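File shown here: work.pdb, holding PDB, C-alpha atoms.
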MODEL        1
ATOM      1  CA  MET A   1     -43.024 -31.439  15.159  1.00  0.00           C
ATOM      2  CA  LYS A   2     -43.246 -29.804  11.771  1.00  0.00           C
ATOM      3  CA  SER A   3     -43.901 -26.403  13.360  1.00  0.00           C
ATOM      4  CA  THR A   4     -40.803 -26.852  15.543  1.00  0.00           C
ATOM      5  CA  GLN A   5     -38.650 -27.631  12.499  1.00  0.00           C
ATOM      6  CA  PHE A   6     -40.084 -24.596  10.739  1.00  0.00           C
ATOM      7  CA  ILE A   7     -39.077 -22.340  13.658  1.00  0.00           C
ATOM      8  CA  TYR A   8     -35.567 -23.818  13.712  1.00  0.00           C
ATOM      9  CA  THR A   9     -35.303 -23.197   9.975  1.00  0.00           C
ATOM     10  CA  LEU A  10     -36.282 -19.539  10.428  1.00  0.00           C
ATOM     11  CA  PHE A  11     -33.600 -19.086  13.093  1.00  0.00           C
ATOM     12  CA  ALA A  12     -30.985 -20.726  10.858  1.00  0.00           C
ATOM     13  CA  VAL A  13     -31.839 -18.483   7.910  1.00  0.00           C
ATOM     14  CA  ALA A  14     -31.704 -15.385  10.128  1.00  0.00           C
ATOM     15  CA  ALA A  15     -28.326 -16.396  11.564  1.00  0.00           C
ATOM     16  CA  LEU A  16     -26.927 -17.036   8.069  1.00  0.00           C
ATOM     17  CA  SER A  17     -28.181 -13.655   6.926  1.00  0.00           C
ATOM     18  CA  ILE A  18     -26.504 -11.855   9.847  1.00  0.00           C
ATOM     19  CA  SER A  19     -23.196 -13.691   9.421  1.00  0.00           C
ATOM     20  CA  SER A  20     -23.076 -12.888   5.718  1.00  0.00           C
ATOM     21  CA  THR A  21     -23.539  -9.149   6.224  1.00  0.00           C
ATOM     22  CA  THR A  22     -21.542  -8.559   9.422  1.00  0.00           C
ATOM     23  CA  PRO A  23     -17.864  -7.591   8.879  1.00  0.00           C
ATOM     24  CA  VAL A  24     -15.383 -10.186  10.136  1.00  0.00           C
ATOM     25  CA  ASN A  25     -11.975  -9.292  11.572  1.00  0.00           C
ATOM     26  CA  GLY A  26     -12.314  -5.639  10.584  1.00  0.00           C
ATOM     27  CA  ALA A  27     -12.921  -6.461   6.938  1.00  0.00           C
ATOM     28  CA  ASN A  28     -15.007  -3.328   6.582  1.00  0.00           C
ATOM     29  CA  ASP A  29     -12.684  -1.020   8.522  1.00  0.00           C
ATOM     30  CA  ASP A  30     -11.695   1.167   5.542  1.00  0.00           C
ATOM     31  CA  LYS A  31     -13.444   4.136   7.160  1.00  0.00           C
ATOM     32  CA  LYS A  32     -10.761   4.174   9.850  1.00  0.00           C
ATOM     33  CA  ALA A  33      -8.175   5.109   7.209  1.00  0.00           C
ATOM     34  CA  GLU A  34     -10.370   7.777   5.636  1.00  0.00           C
ATOM     35  CA  LYS A  35      -9.776  10.418   8.251  1.00  0.00           C
ATOM     36  CA  THR A  36     -11.005  13.890   7.421  1.00  0.00           C
ATOM     37  CA  LYS A  37      -9.718  15.623  10.529  1.00  0.00           C
ATOM     38  CA  SER A  38      -6.305  15.279  12.068  1.00  0.00           C
ATOM     39  CA  VAL A  39      -5.242  15.182  15.687  1.00  0.00           C
ATOM     40  CA  PHE A  40      -2.819  18.055  15.257  1.00  0.00           C
ATOM     41  CA  ALA A  41      -5.566  20.144  13.631  1.00  0.00           C
ATOM     42  CA  GLU A  42      -7.857  19.500  16.594  1.00  0.00           C
ATOM     43  CA  LYS A  43      -5.077  20.432  19.001  1.00  0.00           C
ATOM     44  CA  LEU A  44      -4.475  23.693  17.153  1.00  0.00           C
ATOM     45  CA  LYS A  45      -8.162  24.478  17.508  1.00  0.00           C
ATOM     46  CA  ALA A  46      -7.824  23.769  21.224  1.00  0.00           C
ATOM     47  CA  GLY A  47      -5.017  26.340  21.431  1.00  0.00           C
ATOM     48  CA  LYS A  48      -2.155  23.862  21.800  1.00  0.00           C
ATOM     49  CA  LYS A  49       1.190  24.540  20.103  1.00  0.00           C
ATOM     50  CA  GLN A  50       2.137  22.062  17.374  1.00  0.00           C
ATOM     51  CA  THR A  51       5.390  21.246  15.594  1.00  0.00           C
ATOM     52  CA  ILE A  52       5.027  19.979  12.033  1.00  0.00           C
ATOM     53  CA  VAL A  53       7.732  18.547   9.749  1.00  0.00           C
ATOM     54  CA  ALA A  54       7.452  18.206   5.968  1.00  0.00           C
ATOM     55  CA  TYR A  55       9.639  15.320   4.739  1.00  0.00           C
ATOM     56  CA  GLY A  56      10.163  14.262   1.146  1.00  0.00           C
ATOM     57  CA  THR A  57      11.645  15.101  -2.227  1.00  0.00           C
ATOM     58  CA  SER A  58      12.163  18.351  -4.118  1.00  0.00           C
ATOM     59  CA  LEU A  59       8.363  18.582  -4.172  1.00  0.00           C
ATOM     60  CA  THR A  60       8.773  19.283  -0.479  1.00  0.00           C
ATOM     61  CA  GLN A  61      12.157  21.013  -0.257  1.00  0.00           C
ATOM     62  CA  TYR A  62      11.300  23.477  -3.020  1.00  0.00           C
ATOM     63  CA  GLY A  63       7.536  23.080  -2.755  1.00  0.00           C
ATOM     64  CA  ALA A  64       5.845  26.389  -2.017  1.00  0.00           C
ATOM     65  CA  TRP A  65       3.107  24.438  -0.249  1.00  0.00           C
ATOM     66  CA  VAL A  66       5.255  24.142   2.899  1.00  0.00           C
ATOM     67  CA  LYS A  67       5.603  27.917   3.317  1.00  0.00           C
ATOM     68  CA  GLN A  68       1.994  28.410   2.255  1.00  0.00           C
ATOM     69  CA  LEU A  69       0.878  25.947   4.934  1.00  0.00           C
ATOM     70  CA  GLN A  70       2.947  27.774   7.543  1.00  0.00           C
ATOM     71  CA  ASP A  71       1.451  31.096   6.450  1.00  0.00           C
ATOM     72  CA  TYR A  72      -2.081  29.699   6.588  1.00  0.00           C
ATOM     73  CA  LEU A  73      -1.554  28.260  10.073  1.00  0.00           C
ATOM     74  CA  GLU A  74       0.037  31.452  11.339  1.00  0.00           C
ATOM     75  CA  LYS A  75      -2.877  33.486  10.028  1.00  0.00           C
ATOM     76  CA  ASN A  76      -5.545  31.220  11.457  1.00  0.00           C
ATOM     77  CA  TYR A  77      -3.757  29.872  14.540  1.00  0.00           C
ATOM     78  CA  PRO A  78      -1.259  32.652  15.345  1.00  0.00           C
ATOM     79  CA  GLY A  79       1.764  31.576  17.339  1.00  0.00           C
ATOM     80  CA  LEU A  80       0.659  27.962  17.600  1.00  0.00           C
ATOM     81  CA  ALA A  81       2.273  26.169  14.649  1.00  0.00           C
ATOM     82  CA  THR A  82       5.871  25.705  13.542  1.00  0.00           C
ATOM     83  CA  VAL A  83       6.409  24.045  10.163  1.00  0.00           C
ATOM     84  CA  THR A  84       9.917  22.820   9.297  1.00  0.00           C
ATOM     85  CA  ASN A  85      10.900  21.879   5.740  1.00  0.00           C
ATOM     86  CA  SER A  86      13.092  18.755   5.867  1.00  0.00           C
ATOM     87  CA  GLY A  87      12.823  17.820   2.199  1.00  0.00           C
ATOM     88  CA  GLY A  88      15.748  16.715   0.057  1.00  0.00           C
ATOM     89  CA  SER A  89      15.942  17.615  -3.623  1.00  0.00           C
ATOM     90  CA  GLY A  90      16.482  14.593  -5.850  1.00  0.00           C
ATOM     91  CA  GLN A  91      16.122  12.228  -2.906  1.00  0.00           C
ATOM     92  CA  GLN A  92      14.107   9.082  -2.313  1.00  0.00           C
ATOM     93  CA  SER A  93      13.083   6.792   0.535  1.00  0.00           C
ATOM     94  CA  GLU A  94      16.576   5.294   1.029  1.00  0.00           C
ATOM     95  CA  TRP A  95      17.761   8.807   1.871  1.00  0.00           C
ATOM     96  CA  GLY A  96      14.596   9.327   3.873  1.00  0.00           C
ATOM     97  CA  LEU A  97      15.345   6.300   6.036  1.00  0.00           C
ATOM     98  CA  LYS A  98      18.998   7.224   6.476  1.00  0.00           C
ATOM     99  CA  ASN A  99      18.195  10.778   7.596  1.00  0.00           C
ATOM    100  CA  VAL A 100      14.938  10.355   9.524  1.00  0.00           C
ATOM    101  CA  GLN A 101      16.616  10.726  12.926  1.00  0.00           C
ATOM    102  CA  GLU A 102      18.325  14.013  12.081  1.00  0.00           C
ATOM    103  CA  LYS A 103      15.711  15.494   9.771  1.00  0.00           C
ATOM    104  CA  VAL A 104      12.544  14.455  11.597  1.00  0.00           C
ATOM    105  CA  ILE A 105      12.798  12.718  14.972  1.00  0.00           C
ATOM    106  CA  LYS A 106      15.305  15.174  16.406  1.00  0.00           C
ATOM    107  CA  LEU A 107      12.756  17.963  15.882  1.00  0.00           C
ATOM    108  CA  LYS A 108      10.185  16.195  18.085  1.00  0.00           C
ATOM    109  CA  PRO A 109       7.245  16.785  15.734  1.00  0.00           C
ATOM    110  CA  ASP A 110       3.585  16.402  16.558  1.00  0.00           C
ATOM    111  CA  ALA A 111       2.857  15.643  12.887  1.00  0.00           C
ATOM    112  CA  VAL A 112       4.938  14.642   9.862  1.00  0.00           C
ATOM    113  CA  PHE A 113       3.999  14.959   6.190  1.00  0.00           C
ATOM    114  CA  ILE A 114       5.801  12.304   4.106  1.00  0.00           C
ATOM    115  CA  GLU A 115       6.151  11.916   0.325  1.00  0.00           C
ATOM    116  CA  PHE A 116       8.803   9.952  -1.601  1.00  0.00           C
ATOM    117  CA  SER A 117       6.826   8.033  -4.231  1.00  0.00           C
ATOM    118  CA  VAL A 118       7.608  10.482  -7.050  1.00  0.00           C
ATOM    119  CA  ASN A 119      11.320   9.634  -6.838  1.00  0.00           C
ATOM    120  CA  ASP A 120      11.162   6.055  -5.570  1.00  0.00           C
ATOM    121  CA  CYS A 121       9.794   5.148  -9.004  1.00  0.00           C
ATOM    122  CA  VAL A 122      12.753   6.702 -10.876  1.00  0.00           C
ATOM    123  CA  GLY A 123      14.521   3.912 -12.731  1.00  0.00           C
ATOM    124  CA  ARG A 124      18.107   4.811 -11.830  1.00  0.00           C
ATOM    125  CA  PHE A 125      17.424   4.468  -8.102  1.00  0.00           C
ATOM    126  CA  LYS A 126      16.441   0.819  -8.577  1.00  0.00           C
ATOM    127  CA  ILE A 127      13.946   0.877  -5.716  1.00  0.00           C
ATOM    128  CA  SER A 128      11.169  -1.661  -6.196  1.00  0.00           C
ATOM    129  CA  VAL A 129       7.649  -1.019  -4.940  1.00  0.00           C
ATOM    130  CA  GLU A 130       8.294  -3.618  -2.232  1.00  0.00           C
ATOM    131  CA  LYS A 131      11.524  -1.884  -1.169  1.00  0.00           C
ATOM    132  CA  ALA A 132       9.815   1.504  -1.200  1.00  0.00           C
ATOM    133  CA  LYS A 133       7.135   0.092   1.110  1.00  0.00           C
ATOM    134  CA  SER A 134       9.776  -1.432   3.382  1.00  0.00           C
ATOM    135  CA  ASN A 135      11.571   1.921   3.607  1.00  0.00           C
ATOM    136  CA  LEU A 136       8.331   3.776   4.299  1.00  0.00           C
ATOM    137  CA  ALA A 137       7.384   1.244   6.966  1.00  0.00           C
ATOM    138  CA  GLU A 138      10.729   1.672   8.705  1.00  0.00           C
ATOM    139  CA  ILE A 139      10.659   5.475   8.454  1.00  0.00           C
ATOM    140  CA  THR A 140       7.221   5.633  10.059  1.00  0.00           C
ATOM    141  CA  LYS A 141       8.121   2.968  12.633  1.00  0.00           C
ATOM    142  CA  ARG A 142      11.126   4.942  13.820  1.00  0.00           C
ATOM    143  CA  ILE A 143       9.049   8.096  14.082  1.00  0.00           C
ATOM    144  CA  LYS A 144       6.367   6.263  16.042  1.00  0.00           C
ATOM    145  CA  ASP A 145       8.918   4.500  18.260  1.00  0.00           C
ATOM    146  CA  ALA A 146      10.344   7.899  19.207  1.00  0.00           C
ATOM    147  CA  ASN A 147       6.881   9.410  19.753  1.00  0.00           C
ATOM    148  CA  PRO A 148       3.819   7.143  19.546  1.00  0.00           C
ATOM    149  CA  ASP A 149       1.569  10.213  19.478  1.00  0.00           C
ATOM    150  CA  CYS A 150       3.199  11.728  16.400  1.00  0.00           C
ATOM    151  CA  GLU A 151       0.677  11.914  13.564  1.00  0.00           C
ATOM    152  CA  ILE A 152       1.776  10.439  10.230  1.00  0.00           C
ATOM    153  CA  ILE A 153       0.338  12.127   7.139  1.00  0.00           C
ATOM    154  CA  LEU A 154       1.255  10.476   3.832  1.00  0.00           C
ATOM    155  CA  GLN A 155       0.971  12.379   0.566  1.00  0.00           C
ATOM    156  CA  VAL A 156       0.527  11.364  -3.055  1.00  0.00           C
ATOM    157  CA  MET A 157       1.613  14.364  -5.051  1.00  0.00           C
ATOM    158  CA  ASN A 158       1.019  15.516  -8.659  1.00  0.00           C
ATOM    159  CA  PRO A 159       1.100  13.899 -12.122  1.00  0.00           C
ATOM    160  CA  VAL A 160       4.349  14.132 -14.060  1.00  0.00           C
ATOM    161  CA  ILE A 161       4.440  14.752 -17.805  1.00  0.00           C
ATOM    162  CA  GLY A 162       7.048  15.331 -20.490  1.00  0.00           C
ATOM    163  CA  LYS A 163      10.743  14.443 -20.029  1.00  0.00           C
ATOM    164  CA  SER A 164      10.374  13.969 -16.289  1.00  0.00           C
ATOM    165  CA  ALA A 165       7.786  11.251 -16.893  1.00  0.00           C
ATOM    166  CA  ALA A 166      10.050   9.143 -19.111  1.00  0.00           C
ATOM    167  CA  ASP A 167      11.897   7.564 -16.192  1.00  0.00           C
ATOM    168  CA  ARG A 168       8.796   7.271 -14.010  1.00  0.00           C
ATOM    169  CA  LYS A 169       6.904   4.679 -16.039  1.00  0.00           C
ATOM    170  CA  ASP A 170       5.396   2.854 -13.065  1.00  0.00           C
ATOM    171  CA  MET A 171       4.707   5.829 -10.793  1.00  0.00           C
ATOM    172  CA  LYS A 172       1.072   4.777 -10.320  1.00  0.00           C
ATOM    173  CA  SER A 173       2.144   1.573  -8.571  1.00  0.00           C
ATOM    174  CA  TYR A 174       4.268   3.511  -6.078  1.00  0.00           C
ATOM    175  CA  GLN A 175       1.456   5.967  -5.477  1.00  0.00           C
ATOM    176  CA  GLN A 176      -0.995   3.111  -4.939  1.00  0.00           C
ATOM    177  CA  MET A 177       1.389   1.602  -2.409  1.00  0.00           C
ATOM    178  CA  TYR A 178       1.062   4.809  -0.374  1.00  0.00           C
ATOM    179  CA  ARG A 179      -2.718   4.548  -0.497  1.00  0.00           C
ATOM    180  CA  ASP A 180      -2.667   0.906   0.541  1.00  0.00           C
ATOM    181  CA  PHE A 181      -0.086   1.473   3.269  1.00  0.00           C
ATOM    182  CA  ALA A 182      -2.131   4.328   4.724  1.00  0.00           C
ATOM    183  CA  LYS A 183      -5.212   2.091   4.923  1.00  0.00           C
ATOM    184  CA  GLU A 184      -3.184  -0.754   6.393  1.00  0.00           C
ATOM    185  CA  LYS A 185      -1.723   1.420   9.148  1.00  0.00           C
ATOM    186  CA  GLY A 186      -4.633   3.777   9.675  1.00  0.00           C
ATOM    187  CA  TYR A 187      -2.584   6.834   8.684  1.00  0.00           C
ATOM    188  CA  ILE A 188      -4.022   9.905   7.015  1.00  0.00           C
ATOM    189  CA  LEU A 189      -3.460   9.992   3.261  1.00  0.00           C
ATOM    190  CA  ILE A 190      -3.715  13.239   1.336  1.00  0.00           C
ATOM    191  CA  ASP A 191      -4.105  12.262  -2.306  1.00  0.00           C
ATOM    192  CA  HIS A 192      -3.547  15.286  -4.536  1.00  0.00           C
ATOM    193  CA  MET A 193      -3.872  13.335  -7.782  1.00  0.00           C
ATOM    194  CA  PRO A 194      -7.651  13.700  -8.318  1.00  0.00           C
ATOM    195  CA  GLU A 195      -7.525  17.500  -8.219  1.00  0.00           C
ATOM    196  CA  TRP A 196      -4.421  17.665 -10.378  1.00  0.00           C
ATOM    197  CA  GLU A 197      -5.914  15.229 -12.888  1.00  0.00           C
ATOM    198  CA  LYS A 198      -8.940  17.490 -13.250  1.00  0.00           C
ATOM    199  CA  VAL A 199      -6.589  20.271 -14.361  1.00  0.00           C
ATOM    200  CA  LEU A 200      -4.614  17.982 -16.666  1.00  0.00           C
ATOM    201  CA  ASP A 201      -7.710  16.385 -18.198  1.00  0.00           C
ATOM    202  CA  LYS A 202      -9.144  19.790 -18.955  1.00  0.00           C
ATOM    203  CA  SER A 203      -6.029  21.118 -20.654  1.00  0.00           C
ATOM    204  CA  GLU A 204      -2.348  20.190 -20.718  1.00  0.00           C
ATOM    205  CA  LYS A 205      -1.640  23.836 -21.410  1.00  0.00           C
ATOM    206  CA  ASP A 206      -3.402  24.846 -18.199  1.00  0.00           C
ATOM    207  CA  PHE A 207      -1.555  22.122 -16.287  1.00  0.00           C
ATOM    208  CA  LEU A 208       1.791  23.458 -17.509  1.00  0.00           C
ATOM    209  CA  LYS A 209       0.860  26.920 -16.282  1.00  0.00           C
ATOM    210  CA  PHE A 210       0.790  25.424 -12.801  1.00  0.00           C
ATOM    211  CA  VAL A 211       3.609  22.881 -13.362  1.00  0.00           C
ATOM    212  CA  PRO A 212       5.996  24.588 -15.820  1.00  0.00           C
ATOM    213  CA  ASP A 213       8.571  21.786 -16.084  1.00  0.00           C
ATOM    214  CA  GLY A 214       6.005  18.978 -15.963  1.00  0.00           C
ATOM    215  CA  LEU A 215       7.221  17.872 -12.531  1.00  0.00           C
ATOM    216  CA  HIS A 216       7.484  20.731 -10.026  1.00  0.00           C
ATOM    217  CA  PRO A 217       4.402  22.888  -9.409  1.00  0.00           C
ATOM    218  CA  GLY A 218       5.000  26.589  -8.960  1.00  0.00           C
ATOM    219  CA  GLY A 219       3.568  28.706  -6.170  1.00  0.00           C
ATOM    220  CA  PRO A 220       0.212  29.346  -7.899  1.00  0.00           C
ATOM    221  CA  GLY A 221      -0.293  25.625  -8.493  1.00  0.00           C
ATOM    222  CA  TYR A 222       0.273  24.770  -4.861  1.00  0.00           C
ATOM    223  CA  GLU A 223      -1.922  27.653  -3.775  1.00  0.00           C
ATOM    224  CA  LYS A 224      -4.824  26.729  -6.058  1.00  0.00           C
ATOM    225  CA  VAL A 225      -4.665  22.935  -5.974  1.00  0.00           C
ATOM    226  CA  VAL A 226      -2.619  21.569  -3.068  1.00  0.00           C
ATOM    227  CA  ILE A 227      -3.217  23.852  -0.089  1.00  0.00           C
ATOM    228  CA  PRO A 228      -7.036  23.740  -0.383  1.00  0.00           C
ATOM    229  CA  THR A 229      -6.876  19.924  -0.390  1.00  0.00           C
ATOM    230  CA  ILE A 230      -4.670  19.836   2.704  1.00  0.00           C
ATOM    231  CA  ILE A 231      -6.862  22.320   4.569  1.00  0.00           C
ATOM    232  CA  ARG A 232     -10.084  20.540   3.633  1.00  0.00           C
ATOM    233  CA  GLN A 233      -8.936  17.008   4.315  1.00  0.00           C
ATOM    234  CA  LEU A 234      -7.284  17.765   7.652  1.00  0.00           C
ATOM    235  CA  GLY A 235     -10.169  19.888   8.852  1.00  0.00           C
ATOM    236  CA  LEU A 236      -7.976  22.956   9.272  1.00  0.00           C
ATOM    237  CA  GLU A 237     -10.697  25.416   8.321  1.00  0.00           C
ATOM    238  CA  LYS A 238     -11.106  28.130  10.926  1.00  0.00           C
TER     239      LYS A 238
ENDMDL
END
Mind converting the file's structure to structure tokens?
Amino acid sequence: MKSTQFIYTLFAVAALSISSTTPVNGANDDKKAEKTKSVFAEKLKAGKKQTIVAYGTSLTQYGAWVKQLQDYLEKNYPGLATVTNSGGSGQQSEWGLKNVQEKVIKLKPDAVFIEFSVNDCVGRFKISVEKAKSNLAEITKRIKDANPDCEIILQVMNPVIGKSAADRKDMKSYQQMYRDFAKEKGYILIDHMPEWEKVLDKSEKDFLKFVPDGLHPGGPGYEKVVIPTIIRQLGLEK
């Protein structure tokens, strides 16, 4: 009898051990959100034409990264990629939601890059983190409703210093919302902050060489910091 109880005890301990280390309800599914290769990148490599839209603030509309991305894709995947810049200078996610049909969906993209956090956090717009998330959720929902296969790529852009930072006191919370939302939905997130922070931590003077006004990177900054991150994370290397 004692030996039987001992065996039952061993089984109970083993079962407890398994249940305590096995993920429940996808609790350990973070890896799904940490994509390193995108669908549109794989399709380019398979020789399929792709339409890409860049959607966001002045960091997109006037961001040299959009043209640089187009140039890189044309060089490495000639004739296969079309990149359209649908950014809006000085705009935020309210504008993004209002214009998503005309600026994005109408173009029938295979992939969309989205960034609005840098302006959603500007005080005068009075957009809370919760409202910014709601807007982002609706923007991406409408894109997905129009084309379920469209790939959503969220971006967290660069640090802001100087005068431009004064009205962006809680920017980190808006950026974190993008990270959390990407994990929640399983979207690709390209987080440029770590690479930019390396530059800033090393020298503010060096940072300002790349970001002269403390907010908008120039062409060299995008070329040295942003484009390599996009290429690496999406698996666009040829």
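Distance check against Ile139 (chain A) using all atoms listed in the file: of A:Tyr62, A:Gly56, A:Lys163, A:Ala81, the minimum falls on A:Gly56.
Atom to atom, CA of Thr229 (chain A) and CA of Asp191 (chain A) stand 8.4 Å apart.
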Check the smallest atom-to-atom distance from each of A:Val39, A:Cys121, A:Ala146, A:Ala132 to Lys108 (chain A) using all atoms listed in the file, then report the winner. A:Ala146
Counting all atoms listed in the file, which residues have an atom no more than 12 Å from (-1.2, 24.6, -17.2) in the file's coordinates? Please list them as a ChimeraX atom specification. /A:161,196-218,220-221,224-225
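Taking CA of Arg168 (chain A) as the reference point, CA of Asn119 (chain A) is found at 8.0 Å.
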Atom pair CA of Ser89 (chain A) / CA of Tyr55 (chain A): separation (Å):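 It comes out at 10.7 Å.
Distances here use only C-alpha atoms; by that measure, the residue among A:Glu195, A:Glu184, A:Glu74, A:Asp170 closest to Val122 (chain A) is A:Asp170.
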Determine, counting only C-alpha atoms, which protein, DNA and RNA residues have an atom within 8 Å of an atom of Val118 (chain A); residues of the same chain fewer than 6 positions away are not included. Present the result as a ChimeraX atom specification. /A:57,157,168,171,174-175
For the file shown, what are the residues hit by the PyMOL selection byres ((chain A and resi 152) around 9), laid out as a count of residues only? 15
With distances taken over all atoms listed in the file, which residue among A:Lys238, A:Val160, A:Gly79, A:Asp145 lies nearest Lys172 (chain A)?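 Selected residue with least distance to Lys172 (chain A): A:Val160.
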Could you write region 87-98 of chain A as a short mmCIF file (atom, residue, chain, number, x, y, z; two decimals), keeping the file's coordinate frame, with N, CA and C atoms rebuilt where they are missing?
data_model
loop_
_atom_site.label_atom_id
_atom_site.label_comp_id
_atom_site.auth_asym_id
_atom_site.auth_seq_id
_atom_site.Cartn_x
_atom_site.Cartn_y
_atom_site.Cartn_z
N GLY A 87 12.75 18.52 3.48
CA GLY A 87 12.82 17.82 2.20
C GLY A 87 14.23 17.76 1.66
N GLY A 88 14.45 16.86 0.70
CA GLY A 88 15.75 16.72 0.06
C GLY A 88 15.59 16.62 -1.45
N SER A 89 16.08 17.60 -2.16
CA SER A 89 15.94 17.61 -3.62
C SER A 89 16.64 16.42 -4.26
N GLY A 90 15.92 15.74 -5.15
CA GLY A 90 16.48 14.59 -5.85
C GLY A 90 16.57 13.33 -5.00
N GLN A 91 15.98 13.35 -3.83
CA GLN A 91 16.12 12.23 -2.91
C GLN A 91 14.93 11.29 -2.96
N GLN A 92 15.12 10.13 -2.33
CA GLN A 92 14.11 9.08 -2.31
C GLN A 92 14.08 8.43 -0.94
N SER A 93 13.32 7.35 -0.79
CA SER A 93 13.08 6.79 0.54
C SER A 93 14.32 6.18 1.20
N GLU A 94 15.33 5.78 0.42
CA GLU A 94 16.58 5.29 1.03
C GLU A 94 17.23 6.43 1.82
N TRP A 95 17.25 7.61 1.21
CA TRP A 95 17.76 8.81 1.87
C TRP A 95 16.86 9.16 3.04
N GLY A 96 15.54 9.02 2.82
CA GLY A 96 14.60 9.33 3.87
C GLY A 96 14.82 8.49 5.11
N LEU A 97 15.09 7.20 4.92
CA LEU A 97 15.34 6.30 6.04
C LEU A 97 16.66 6.64 6.73
N LYS A 98 17.66 6.91 5.93
CA LYS A 98 19.00 7.22 6.48
C LYS A 98 18.99 8.50 7.32
#
